[in-house]
Amino acid sequence: MEPSEDDGPQPTSGQKGEAPTDHEQLLPELVAHLRDNRTQLRQEWANRITDASLLSSMAPHEIFSEATSVYDNYVEVLETGSVEALQHYAQNLSERIIPQGVETHEVVGIVLLLRDVLARSLFEKYHKDFSLLNRILDAYEPAANRIANTVSVSFVQERERVIRQQQDAIRELSTPVLQVRERLLILPIIGVLDTQRARQLTEQLLSGIRAHRAKVVVVDITGVPDVDVSVANHLVQTVDASRLMGAGVIITGLSSEIAQTLVRIGVDLSKMNTVGDLQGGIEEAERLLGFTVRRAVDANRQED
Amino acid sequence: MDDDELGRFQRELIRQVSEFRSRGVIIDVAALDVMDSFGSRSLRNLAYMARLLGAVTVIVGIQPDVAFAMVQLGMDLGKVHTALGLEEGLVRLDELTGAGRLSPASGPK
């Protein structure tokens, strides 16, 4: 139907205009070829992966089964021209292999290997008819590049998603807000308190006060070795802001360095309620809230 | 709330405090997303005036963002009482007035 099909000697690289129809005819042929030689090509690809010592963290049979599904997806994309299914599969695959420690270069490497293996087999099949080979490659290369792109991008996106998730988790963990009694919250802080984390602390503390309807908050900074002047100021501001929301803050476990910093910035001691250790802080908080804690043994003895 | 409105609110509230011989006032600012220095000074003055008329003021419902912004900008409610919400404000007011005395902390500076 298409003239270019017959005039073989003509080079096709310049015929951009009729390329789509050319592709439409050649791609099915290509797909058929890849389907017919599925077993052999797949095996060859898996061997090349092993030879290149990629995916060393995966077992050979795992590589082979993944290779099979990637291969089938690959051929499907060539056939349908739609990368959606592949994208979905690549995302799914990344989710599975990222925890196994597969690196980006490995994923890019294996997709490029498959591209090479398939291109090589096309060379072998069409090497007698140079112009047909050219056209086949014209049809194959853009699709293959698109596939390589899709898989790599999906993998990197998945990695980034995992990293973001972990960052969120770390951030959440770094300033836990715990309710120990009705209207009493505890914020244990461990590690270096920098500006970013101090801001986060304020945010968590103030929203925690509202969420738990807290009246007293014990901020334990036993695990904080030292703070700079701006963080110390921030702490004082947080205490003031909590008071505006109707909650008193007790700070426990101040190190001698932090005490010196606080005095150096001229903190108003009438506004700061500090207690030496967490236990004392909780007792003070309980007193403020009107709780009394008694050892069960003592209570029983008194009743006797 | 703009400045005019605030002034009107202030006059009206003080008038009513004196008219009803109120013992306590609760101002709920939960609907305010921003509070400027004039706003917080007005609130503080309001509380001091009410105190002179024999009423204790509790300001309730300051949003977390507003609270921190106020502190950062150095705005201060002085020694005015604050509480988380209306309910807590009422409890606070009961504590403050129920004992039959006005809080020693609420006098003007």
# chains A, B, ... in the order shown; residues from 1 in each chain; ligands from 1
>>> closest_atom_pairs(of="chain A", to="chain B", cutoff="10 Å", atoms="only C-alpha atoms", output="JSON lines")
{"residue": "A:Thr202", "atom": "CA", "partner": "B:Phe68", "partner_atom": "CA", "distance": 8.2}
{"residue": "A:Glu203", "atom": "CA", "partner": "B:Pro64", "partner_atom": "CA", "distance": 7.7}
{"residue": "A:Gln204", "atom": "CA", "partner": "B:Pro64", "partner_atom": "CA", "distance": 9.7}
{"residue": "A:Leu205", "atom": "CA", "partner": "B:Pro64", "partner_atom": "CA", "distance": 9.0}
{"residue": "A:Leu206", "atom": "CA", "partner": "B:Pro64", "partner_atom": "CA", "distance": 5.3}
{"residue": "A:Ser207", "atom": "CA", "partner": "B:Pro64", "partner_atom": "CA", "distance": 6.3}
{"residue": "A:Gly208", "atom": "CA", "partner": "B:Pro64", "partner_atom": "CA", "distance": 9.5}
{"residue": "A:Ile209", "atom": "CA", "partner": "B:Leu84", "partner_atom": "CA", "distance": 8.2}
{"residue": "A:Arg210", "atom": "CA", "partner": "B:Leu84", "partner_atom": "CA", "distance": 7.1}
{"residue": "A:Arg213", "atom": "CA", "partner": "B:Leu84", "partner_atom": "CA", "distance": 7.0}
{"residue": "A:Ala214", "atom": "CA", "partner": "B:Leu84", "partner_atom": "CA", "distance": 8.2}
{"residue": "A:Lys215", "atom": "CA", "partner": "B:Leu84", "partner_atom": "CA", "distance": 8.1}
{"residue": "A:Asn233", "atom": "CA", "partner": "B:Gln72", "partner_atom": "CA", "distance": 9.6}
{"residue": "A:His234", "atom": "CA", "partner": "B:Gln72", "partner_atom": "CA", "distance": 8.5}
{"residue": "A:Val236", "atom": "CA", "partner": "B:Val71", "partner_atom": "CA", "distance": 9.3}
{"residue": "A:Gln237", "atom": "CA", "partner": "B:Val71", "partner_atom": "CA", "distance": 5.8}
{"residue": "A:Thr238", "atom": "CA", "partner": "B:Phe68", "partner_atom": "CA", "distance": 6.9}
{"residue": "A:Val239", "atom": "CA", "partner": "B:Val71", "partner_atom": "CA", "distance": 9.3}
{"residue": "A:Asp240", "atom": "CA", "partner": "B:Val71", "partner_atom": "CA", "distance": 6.5}
{"residue": "A:Ala241", "atom": "CA", "partner": "B:Ala67", "partner_atom": "CA", "distance": 4.9}
{"residue": "A:Ser242", "atom": "CA", "partner": "B:Ala67", "partner_atom": "CA", "distance": 7.4}
{"residue": "A:Arg243", "atom": "CA", "partner": "B:Thr82", "partner_atom": "CA", "distance": 7.0}
{"residue": "A:Leu244", "atom": "CA", "partner": "B:Thr82", "partner_atom": "CA", "distance": 5.6}
{"residue": "A:Met245", "atom": "CA", "partner": "B:Leu84", "partner_atom": "CA", "distance": 4.9}
{"residue": "A:Gly246", "atom": "CA", "partner": "B:Ala83", "partner_atom": "CA", "distance": 3.6}
{"residue": "A:Ala247", "atom": "CA", "partner": "B:Ala83", "partner_atom": "CA", "distance": 7.2}
>>> residues_around(residues="B:Arg23", least_positions_apart="2", cutoff="12 Å", atoms="only C-alpha atoms", output="number ranges by chain")
B: 16-21, 25-26, 50-58, 93-94, 96-98, 100-103
>>> residues_around(residues="stretch 91-106 of chain A", least_positions_apart="2", cutoff="10 Å", atoms="only C-alpha atoms", output="mmCIF file with C-alpha atoms, in the first residue's frame")
data_model
loop_
_atom_site.group_PDB
_atom_site.id
_atom_site.type_symbol
_atom_site.label_atom_id
_atom_site.label_comp_id
_atom_site.auth_asym_id
_atom_site.auth_seq_id
_atom_site.Cartn_x
_atom_site.Cartn_y
_atom_site.Cartn_z
ATOM 1 C CA ILE A 49 22.874 -8.750 33.004
ATOM 2 C CA ALA A 52 27.829 -7.159 33.609
ATOM 3 C CA SER A 53 27.357 -8.117 37.277
ATOM 4 C CA LEU A 54 24.366 -5.867 37.552
ATOM 5 C CA LEU A 55 21.613 -6.589 40.074
ATOM 6 C CA SER A 56 24.122 -8.467 42.190
ATOM 7 C CA SER A 57 21.776 -8.182 45.140
ATOM 8 C CA MET A 58 19.159 -10.327 43.397
ATOM 9 C CA GLU A 66 11.768 -9.917 36.414
ATOM 10 C CA SER A 69 8.016 -9.424 32.737
ATOM 11 C CA VAL A 70 10.126 -6.449 31.701
ATOM 12 C CA ALA A 85 1.166 0.060 31.694
ATOM 13 C CA LEU A 86 4.959 0.037 31.691
ATOM 14 C CA GLN A 87 5.066 3.072 33.931
ATOM 15 C CA HIS A 88 2.814 1.324 36.382
ATOM 16 C CA TYR A 89 4.873 -1.836 36.196
ATOM 17 C CA VAL A 108 19.429 2.190 33.710
ATOM 18 C CA GLY A 109 22.091 -0.368 32.816
ATOM 19 C CA ILE A 110 19.727 -3.306 32.400
ATOM 20 C CA VAL A 111 17.221 -1.352 30.344
ATOM 21 C CA LEU A 112 19.990 -0.190 28.042
ATOM 22 C CA THR A 150 10.119 5.762 31.395
ATOM 23 C CA VAL A 151 11.703 2.992 33.403
ATOM 24 C CA SER A 152 14.563 5.144 34.684
ATOM 25 C CA VAL A 153 12.317 8.050 35.564
ATOM 26 C CA SER A 154 9.866 5.774 37.363
ATOM 27 C CA PHE A 155 12.689 4.262 39.351
ATOM 28 C CA VAL A 156 14.150 7.626 40.348
ATOM 29 C CA GLN A 157 10.727 8.960 41.239
ATOM 30 C CA GLU A 158 10.076 5.969 43.430
ATOM 31 C CA ARG A 159 13.423 6.476 45.151
ATOM 32 C CA ARG A 161 9.270 9.179 47.140
ATOM 33 C CA VAL A 162 10.927 6.754 49.574
#
>>> atom_distance(atom1="atom CA of A:Val218", atom2="atom CA of A:Arg171")
19.9 Å
